[in-house]
>>> print(open('input10.txt').read())   # compact mmCIF, C-alpha atoms
# COMPACT_ATOMS: atom_id res chain seq x y z
CA MET E 1 -8.97 40.68 -11.14
CA ARG E 2 -8.83 38.63 -7.95
CA ARG E 3 -11.07 35.98 -9.53
CA LEU E 4 -8.79 35.81 -12.56
CA LEU E 5 -5.75 35.31 -10.34
CA LEU E 6 -7.58 32.60 -8.37
CA LEU E 7 -8.54 30.90 -11.62
CA ILE E 8 -4.94 31.00 -12.88
CA VAL E 9 -3.67 29.52 -9.59
CA VAL E 10 -6.25 26.71 -9.72
CA VAL E 11 -5.45 25.92 -13.37
CA LEU E 12 -1.70 25.89 -12.64
CA MET E 13 -2.19 23.59 -9.66
CA ALA E 14 -4.36 21.22 -11.71
CA ALA E 15 -1.79 21.16 -14.53
CA ALA E 16 1.07 20.47 -12.11
CA LEU E 17 -0.93 17.70 -10.43
CA LEU E 18 -1.77 16.09 -13.77
CA ALA E 19 1.89 16.24 -14.86
CA VAL E 20 3.01 14.57 -11.62
CA VAL E 21 0.28 11.91 -11.95
CA LEU E 22 1.30 11.08 -15.52
CA ARG E 23 4.97 10.86 -14.54
CA ARG E 24 4.15 8.58 -11.64
CA LEU E 25 2.02 6.37 -13.86
CA GLN E 26 4.84 6.05 -16.36
CA GLY E 27 7.23 5.21 -13.54
CA ASN E 28 4.89 2.55 -12.16
CA ALA E 29 4.41 0.99 -15.59
CA SER E 30 8.16 0.69 -16.16
CA GLU E 31 8.61 -0.79 -12.67
CA HIS E 32 5.99 -3.42 -13.46
CA GLU E 33 7.63 -4.21 -16.77
CA ALA E 34 10.98 -4.63 -15.02
CA GLY E 35 9.36 -6.86 -12.42
CA THR E 36 10.47 -4.69 -9.55
CA ALA E 37 7.22 -3.30 -8.20
CA GLU E 38 8.76 -2.08 -4.97
CA GLN E 39 6.77 0.75 -3.38
CA SER E 40 8.47 4.13 -3.15
CA PRO E 41 8.21 6.48 -0.17
CA MET E 42 5.85 8.61 -2.31
CA THR E 43 3.34 5.77 -2.46
CA GLY E 44 -0.26 6.86 -1.95
CA TRP E 45 0.62 10.57 -1.95
CA LEU E 46 -2.43 11.43 -4.05
CA VAL E 47 -4.87 10.64 -1.26
CA PHE E 48 -2.81 12.77 1.13
CA LEU E 49 -2.69 15.73 -1.24
CA LEU E 50 -6.21 15.88 -2.65
CA PRO E 51 -8.15 16.35 0.62
CA LEU E 52 -6.00 19.32 1.76
CA PRO E 53 -8.70 21.83 0.70
CA VAL E 54 -11.05 20.08 3.15
CA ALA E 55 -8.74 21.05 6.02
CA ALA E 56 -8.73 24.65 4.76
CA ALA E 57 -12.52 24.52 4.43
CA ALA E 58 -12.80 23.32 8.03
CA ALA E 59 -10.65 26.26 9.19
CA VAL E 60 -12.74 28.77 7.18
CA SER E 61 -16.00 27.26 8.46
CA MET E 62 -14.72 27.56 12.00
CA ALA E 63 -13.73 31.19 11.44
CA ARG E 64 -17.18 31.93 10.05
CA GLY E 65 -18.94 30.07 12.83
CA GLN E 66 -20.68 27.56 10.53
CA LEU E 67 -21.25 24.50 12.68
CA VAL E 68 -22.52 21.89 10.20
CA PRO E 69 -19.88 22.50 7.48
CA LEU E 70 -17.23 22.61 10.22
CA LEU E 71 -18.28 19.18 11.50
CA GLY E 72 -18.49 17.74 7.98
CA ASP E 73 -15.11 19.11 6.91
CA ALA E 74 -13.27 18.34 10.16
CA ILE E 75 -14.53 14.76 10.53
CA GLY E 76 -14.18 14.28 6.77
CA TYR E 77 -10.55 15.41 6.81
CA ALA E 78 -9.76 13.22 9.83
CA LEU E 79 -11.21 10.23 7.99
CA PHE E 80 -9.35 11.17 4.79
CA LEU E 81 -6.08 11.30 6.71
CA SER E 82 -6.69 8.02 8.56
CA GLY E 83 -7.67 6.31 5.31
CA ALA E 84 -4.60 7.64 3.51
CA ILE E 85 -2.29 6.43 6.31
CA LEU E 86 -3.85 2.95 6.28
CA LEU E 87 -3.70 2.81 2.49
CA ARG E 88 -0.04 3.82 2.49
CA ARG E 89 0.83 1.21 5.11
CA GLY E 90 -1.00 -1.42 3.12
CA LEU E 91 0.76 -0.41 -0.10
CA LEU E 92 4.20 -0.43 1.52
CA SER E 93 3.66 -3.81 3.16
CA SER E 94 2.29 -5.40 -0.02
CA GLY E 95 5.59 -4.70 -1.77
CA ARG E 96 7.55 -6.51 0.93
CA ALA E 97 7.26 -9.69 2.92
CA ALA E 98 5.02 -8.20 5.55
CA VAL E 99 2.45 -10.03 7.58
CA GLU E 100 -0.43 -7.70 8.28
CA ARG E 101 -3.28 -8.69 10.54
CA TRP E 102 -5.81 -6.42 8.77
CA PRO E 103 -6.56 -5.71 5.10
CA LEU E 104 -5.12 -2.21 5.32
CA LYS E 105 -5.62 -1.18 1.69
CA THR E 106 -9.29 -2.17 1.75
CA LEU E 107 -9.91 -0.46 5.10
CA GLY E 108 -8.09 2.67 3.94
CA SER E 109 -10.12 2.82 0.74
CA ALA E 110 -13.36 2.37 2.70
CA LEU E 111 -12.42 5.19 5.10
CA ILE E 112 -11.57 7.50 2.19
CA SER E 113 -14.89 6.64 0.60
CA VAL E 114 -16.80 7.49 3.81
CA ALA E 115 -14.80 10.71 4.15
CA THR E 116 -15.74 11.72 0.59
CA ALA E 117 -19.43 11.11 1.32
CA LEU E 118 -19.29 13.08 4.57
CA THR E 119 -17.51 16.01 2.95
CA ALA E 120 -19.95 16.09 0.02
CA TRP E 121 -22.96 15.84 2.31
CA LEU E 122 -22.16 18.06 5.30
CA GLY E 123 -19.24 20.08 3.92
CA VAL E 124 -20.70 20.96 0.53
CA GLY E 125 -24.39 20.45 1.22
CA HIS E 126 -25.16 17.85 -1.47
CA HIS E 127 -28.14 15.52 -1.19
CA PRO E 128 -27.20 12.28 0.67
CA VAL E 129 -27.79 10.22 -2.50
CA ILE E 130 -25.31 12.42 -4.41
CA ALA E 131 -22.88 12.08 -1.48
CA ILE E 132 -23.16 8.27 -1.73
CA ALA E 133 -22.47 8.53 -5.47
CA PHE E 134 -19.29 10.51 -4.65
CA ALA E 135 -18.31 7.80 -2.17
CA LEU E 136 -18.82 5.01 -4.69
CA VAL E 137 -16.75 6.82 -7.34
CA ALA E 138 -13.95 7.36 -4.78
CA LEU E 139 -14.07 3.68 -3.76
CA LEU E 140 -13.91 2.55 -7.38
CA GLY E 141 -11.03 4.94 -8.00
CA CYS E 142 -9.10 3.57 -5.01
CA TYR E 143 -9.77 0.00 -6.14
CA LEU E 144 -8.57 0.63 -9.69
CA THR E 145 -5.52 2.63 -8.61
CA TYR E 146 -4.34 0.75 -5.53
CA GLY E 147 -6.33 -2.50 -5.54
CA PHE E 148 -7.75 -4.33 -2.53
CA ASP E 149 -6.05 -6.96 -0.35
CA ARG E 150 -6.74 -9.98 -2.53
CA HIS E 151 -4.47 -12.35 -0.61
CA TRP E 152 -6.29 -11.58 2.60
CA ILE E 153 -9.72 -12.13 0.98
CA ARG E 154 -8.54 -15.34 -0.73
CA ARG E 155 -7.17 -16.73 2.53
CA PHE E 156 -10.53 -16.38 4.25
CA ARG E 157 -12.49 -17.61 1.23
CA ASP E 158 -10.37 -20.76 1.03
CA GLY E 159 -10.49 -21.29 4.79
CA ARG E 160 -6.72 -21.19 4.98
CA GLY E 161 -6.36 -18.25 7.32
CA ILE E 162 -2.95 -17.81 8.90
CA GLY E 163 -3.05 -19.03 12.48
CA ALA E 164 -1.54 -17.18 15.42
CA GLU E 165 1.49 -19.50 15.55
CA THR E 166 2.18 -19.16 11.84
CA ARG E 167 1.79 -15.41 12.01
CA ALA E 168 4.22 -15.28 14.92
CA THR E 169 6.76 -17.37 12.97
CA LEU E 170 6.46 -15.12 9.93
CA ALA E 171 6.67 -11.99 12.08
CA GLN E 172 9.82 -13.35 13.75
CA ALA E 173 11.32 -14.05 10.32
CA LYS E 174 10.44 -10.54 9.22
CA ARG E 175 12.18 -9.12 12.31
CA SER E 176 15.26 -11.22 11.54
CA ILE E 177 15.39 -9.88 7.98
CA ALA E 178 15.05 -6.31 9.26
CA ALA E 179 17.87 -6.96 11.79
CA ILE E 180 20.12 -8.40 9.04
CA GLU E 181 19.40 -5.36 6.87
CA GLN E 182 20.18 -3.04 9.78
CA ALA E 183 23.44 -4.79 10.70
CA SER E 184 24.57 -4.92 7.06
CA ARG E 185 24.53 -1.10 6.96
CA ASP E 186 27.42 -1.09 9.44
CA ILE E 187 29.57 -3.23 7.13
CA ARG E 188 31.62 -1.01 4.86
CA GLN E 189 32.97 -3.73 2.51
CA PRO E 190 31.14 -3.19 -0.84
CA GLU E 191 31.29 -6.86 -1.87
CA LEU E 192 29.97 -8.14 1.45
CA SER E 193 27.32 -5.43 1.55
CA SER E 194 26.02 -6.30 -1.91
CA ARG E 195 26.02 -10.01 -1.01
CA LEU E 196 24.02 -9.24 2.13
CA ARG E 197 21.58 -7.13 0.10
CA ARG E 198 21.05 -10.08 -2.24
CA ILE E 199 20.50 -12.38 0.74
CA VAL E 200 17.96 -9.96 2.25
CA GLY E 201 16.20 -9.72 -1.15
CA LEU E 202 16.04 -13.52 -1.46
CA ALA E 203 14.79 -13.92 2.11
CA SER E 204 12.09 -11.29 1.52
CA GLU E 205 10.95 -13.04 -1.65
CA ILE E 206 10.77 -16.40 0.13
CA LEU E 207 8.86 -14.88 3.01
CA GLY E 208 6.45 -13.14 0.62
CA ARG E 209 5.80 -16.48 -1.11
CA LEU E 210 5.18 -18.20 2.23
CA GLU E 211 2.84 -15.43 3.29
CA GLN E 212 0.84 -15.83 0.08
CA ASP E 213 0.62 -19.59 0.44
CA PRO E 214 1.15 -20.76 4.03
CA ARG E 215 0.87 -24.43 2.92
CA ASN E 216 4.57 -24.20 2.05
CA LEU E 217 5.41 -23.15 5.58
CA ARG E 218 6.14 -26.68 6.75
CA ARG E 219 8.70 -27.14 3.97
CA ALA E 220 10.36 -23.83 4.79
CA ARG E 221 10.36 -24.07 8.58
CA LYS E 222 14.08 -24.85 8.64
CA PHE E 223 14.77 -21.78 6.53
CA LEU E 224 12.70 -19.58 8.85
CA ILE E 225 14.01 -20.90 12.15
CA VAL E 226 17.59 -22.08 11.55
CA TYR E 227 18.99 -20.10 8.64
CA LEU E 228 17.53 -16.68 9.25
CA ASP E 229 18.32 -16.79 12.94
CA GLY E 230 21.88 -17.98 12.26
CA VAL E 231 22.49 -15.37 9.59
CA GLN E 232 21.18 -12.65 11.88
CA ARG E 233 23.59 -13.69 14.64
CA ILE E 234 26.69 -13.92 12.44
CA VAL E 235 25.94 -10.66 10.61
CA GLU E 236 25.38 -8.79 13.85
CA GLY E 237 28.51 -10.34 15.37
CA TYR E 238 30.63 -9.53 12.33
CA ALA E 239 29.31 -5.95 12.17
CA LYS E 240 30.32 -5.42 15.82
CA ALA E 241 33.76 -7.02 15.40
CA HIS E 242 34.35 -5.21 12.11
CA SER E 243 33.79 -1.83 13.75
CA ARG E 244 36.47 -2.57 16.40
CA ILE E 245 39.22 -4.50 14.60
CA SER E 246 40.26 -5.49 11.10
CA ALA E 247 40.83 -9.28 10.77
CA PRO E 248 41.37 -10.64 7.24
CA ASP E 249 40.81 -14.24 8.41
CA LEU E 250 37.47 -13.35 9.93
CA GLU E 251 36.46 -11.48 6.78
CA GLU E 252 37.30 -14.48 4.59
CA ARG E 253 35.31 -16.84 6.80
CA PHE E 254 32.40 -14.42 6.86
CA ARG E 255 32.52 -14.21 3.04
CA ARG E 256 32.43 -18.02 2.75
CA ALA E 257 29.52 -18.21 5.20
CA LEU E 258 27.59 -15.64 3.19
CA ILE E 259 28.20 -17.58 -0.04
CA THR E 260 26.84 -20.73 1.63
CA VAL E 261 23.83 -18.84 2.96
CA GLU E 262 23.10 -17.27 -0.42
CA ASP E 263 23.24 -20.71 -2.08
CA ALA E 264 20.96 -22.16 0.60
CA PHE E 265 18.44 -19.35 0.13
CA ARG E 266 18.47 -19.79 -3.65
CA GLU E 267 17.92 -23.51 -3.18
CA GLN E 268 15.02 -22.79 -0.84
CA GLN E 269 13.45 -20.43 -3.34
CA GLN E 270 13.86 -23.03 -6.10
CA LYS E 271 12.20 -25.68 -3.91
CA LEU E 272 9.19 -23.44 -3.36
CA LEU E 273 8.90 -22.76 -7.09
CA GLU E 274 9.17 -26.48 -7.82
CA SER E 275 6.47 -27.28 -5.26
CA ASP E 276 4.19 -24.80 -7.04
CA LEU E 277 4.93 -26.59 -10.32
CA ASP E 278 4.24 -29.97 -8.68
CA ASP E 279 0.88 -28.69 -7.46
CA LEU E 280 0.08 -27.48 -10.95
CA ASP E 281 1.15 -30.84 -12.43
CA VAL E 282 -1.19 -32.70 -10.07
CA GLN E 283 -4.08 -30.35 -10.91
CA ILE E 284 -3.51 -30.80 -14.66
CA GLU E 285 -3.40 -34.59 -14.25
CA VAL E 286 -6.63 -34.66 -12.22
CA LEU E 287 -8.40 -32.45 -14.77
CA THR E 288 -7.16 -34.56 -17.70
CA LYS E 289 -8.41 -37.78 -16.04
CA GLN E 290 -11.77 -36.18 -15.28
CA LEU E 291 -12.14 -35.02 -18.90
CA GLN E 292 -11.18 -38.50 -20.14
CA ARG E 293 -13.74 -40.13 -17.83
CA GLU E 294 -16.46 -37.89 -19.17
CA GLY E 295 -15.44 -38.65 -22.76
CA ILE E 296 -14.54 -35.06 -23.60
CA ILE E 297 -11.00 -35.96 -24.69
CA MET V 1 -7.78 -3.33 -19.70
CA SER V 2 -4.06 -2.93 -19.28
CA ASP V 3 -2.60 -2.15 -15.87
CA ARG V 4 -1.62 1.35 -16.94
CA ALA V 5 -5.07 2.17 -18.33
CA ARG V 6 -6.71 0.79 -15.18
CA ARG V 7 -4.55 3.02 -12.99
CA LEU V 8 -5.21 6.05 -15.17
CA VAL V 9 -8.99 5.53 -14.92
CA GLY V 10 -8.61 5.02 -11.16
CA VAL V 11 -6.65 8.26 -10.72
CA LEU V 12 -9.21 10.16 -12.81
CA LEU V 13 -12.04 8.77 -10.67
CA ILE V 14 -10.19 9.75 -7.48
CA LEU V 15 -9.65 13.24 -8.88
CA ALA V 16 -13.31 13.43 -9.87
CA ALA V 17 -14.63 12.30 -6.50
CA ILE V 18 -12.17 13.41 -3.81
CA GLY V 19 -10.78 16.40 -5.72
CA VAL V 20 -14.17 17.79 -6.67
CA ALA V 21 -15.68 17.23 -3.21
CA SER V 22 -12.66 18.85 -1.51
CA TRP V 23 -12.54 21.94 -3.71
CA GLN V 24 -16.32 22.31 -3.54
CA ALA V 25 -16.14 22.19 0.25
CA LEU V 26 -13.49 24.93 0.22
CA LEU V 27 -15.37 27.09 -2.27
CA VAL V 28 -18.65 26.72 -0.37
CA SER V 29 -17.01 27.67 2.90
CA CYS V 30 -15.20 30.65 1.31
CA SER V 31 -17.93 32.08 -0.85
CA SER V 32 -20.39 34.54 0.56
CA ALA V 33 -23.15 32.23 -0.59
CA ALA V 34 -21.81 29.76 1.92
CA ALA V 35 -23.53 31.61 4.66
CA ALA V 36 -26.77 31.37 2.73
CA GLY V 37 -26.00 27.73 1.95
CA SER V 38 -25.52 26.90 5.56
CA ALA V 39 -28.65 28.85 6.32
CA ARG V 40 -30.60 25.98 4.78
CA HIS V 41 -30.39 24.62 8.29
CA ALA V 42 -31.79 27.82 9.69
CA VAL V 43 -35.34 29.14 9.68
CA GLY V 44 -36.24 31.24 6.63
CA ALA V 45 -37.06 34.90 7.12
CA PRO V 46 -40.78 35.79 6.95
CA ARG V 47 -41.98 37.71 3.87
>>> encode(input="input10.txt", output="structure tokens")
Amino acid sequence: MRRLLLLIVVVLMAAALLAVVLRRLQGNASEHEAGTAEQSPMTGWLVFLLPLPVAAAAAVSMARGQLVPLLGDAIGYALFLSGAILLRRGLLSSGRAAVERWPLKTLGSALISVATALTAWLGVGHHPVIAIAFALVALLGCYLTYGFDRHWIRRFRDGRGIGAETRATLAQAKRSIAAIEQASRDIRQPELSSRLRRIVGLASEILGRLEQDPRNLRRARKFLIVYLDGVQRIVEGYAKAHSRISAPDLEERFRRALITVEDAFREQQQKLLESDLDDLDVQIEVLTKQLQREGII
Amino acid sequence: MSDRARRLVGVLLILAAIGVASWQALLVSCSSAAAAGSARHAVGAPR
């Protein structure tokens, strides 16, 4: 009877998990189709949830005084948790204009893979070769589900790694965007708030593009240093003044400033897109000439 | 392979590897055979 109950509980849990996974997959697919692949707070939850039995196994092993399974399960769970945290941070930062020093998704996946091997080997008692097979399947699963940090790998392969100065500039810009976002929450005017949200969205997109291709950084230096800093100061100043007094003149001037800033940001984004197209044009021209020289066309 | 199919295969692989290893670890530690299983590290009793 107890076994039957246990079986029913396990089957129910598996069904619930599968239903949640399918729903999440559908949600992700529609987000991709809409072009808004922003990461939700639930991102990477699967790798937090699945290893929970390992923690329970560690507790049971400890209660039973089994040293080797205890070590395998405890270290395995610690690695699972660390890997899941890194993976989640990597996933959240890949959806925004973040500048991460390390390839967090890849490191997280690797840690989860090692944790799986350790649990299968010491926790379960499988042969080490079988444990390695478990690890490889887990690594492949993480790669297919979450992907690795391709931008990071490409940067090093192309020898275009972000230098310390560039990283500092991008990090400063990221802080400015976060400060603008924070200050805009104190502004109760719906129109101004939505305009600020659009500005923050545009700035994040521009920063994400610069992070992907730092060659454009020189073109966008003015945007990073002058505009973002200026916007941060006026938004913070307005938010403070707005909380103390109501001044229609000030509000009108602030609105006009935001319109100018939004236009400038759109222009900046357009310039970056055009520079990408120029690069592509040059590449096509070079290839065409090469093909003509070799008599192919 | 479409993005959705790729993710589905990935999730299934994660379930197969991490899920199976985790539940096996729990079952091994809970079952009475676990003691015998962990006794593989111990010296066998003489016949």
>>> interface_residues(input="input10.txt", of="chain E", to="chain V", cutoff="7 Å", atoms="all atoms listed in the file", output="count of residues only")
24
>>> residues_near_point(input="input10.txt", point="(-21.4, 15.8, 5.6)", cutoff="9 Å", atoms="all atoms listed in the file", output="MDAnalysis selection string")
chainID E and resid 68:69 71:73 75:76 115:126 128 131
>>> write_last_selection(input="input10.txt", atoms="C-alpha atoms", output="compact mmCIF listing (two decimals), keeping the file's coordinate frame")
# COMPACT_ATOMS: atom_id res chain seq x y z
CA VAL E 68 -22.52 21.89 10.20
CA PRO E 69 -19.88 22.50 7.48
CA LEU E 71 -18.28 19.18 11.50
CA GLY E 72 -18.49 17.74 7.98
CA ASP E 73 -15.11 19.11 6.91
CA ILE E 75 -14.53 14.76 10.53
CA GLY E 76 -14.18 14.28 6.77
CA ALA E 115 -14.80 10.71 4.15
CA THR E 116 -15.74 11.72 0.59
CA ALA E 117 -19.43 11.11 1.32
CA LEU E 118 -19.29 13.08 4.57
CA THR E 119 -17.51 16.01 2.95
CA ALA E 120 -19.95 16.09 0.02
CA TRP E 121 -22.96 15.84 2.31
CA LEU E 122 -22.16 18.06 5.30
CA GLY E 123 -19.24 20.08 3.92
CA VAL E 124 -20.70 20.96 0.53
CA GLY E 125 -24.39 20.45 1.22
CA HIS E 126 -25.16 17.85 -1.47
CA PRO E 128 -27.20 12.28 0.67
CA ALA E 131 -22.88 12.08 -1.48
>>> atom_distance(input="input10.txt", atom1="CA of Asp213 (chain E)", atom2="CA of Thr169 (chain E)")
14.1 Å
>>> atom_distance(input="input10.txt", atom1="CA of Arg88 (chain E)", atom2="CA of Lys105 (chain E)")
7.5 Å
>>> atom_distance(input="input10.txt", atom1="CA of Gln268 (chain E)", atom2="CA of Arg175 (chain E)")
19.2 Å
>>> closest_residue(input="input10.txt", among="E:Arg256, E:Arg89, E:Arg197, E:Arg185", to="Ala239 (chain E)", atoms="all atoms listed in the file")
E:Arg185
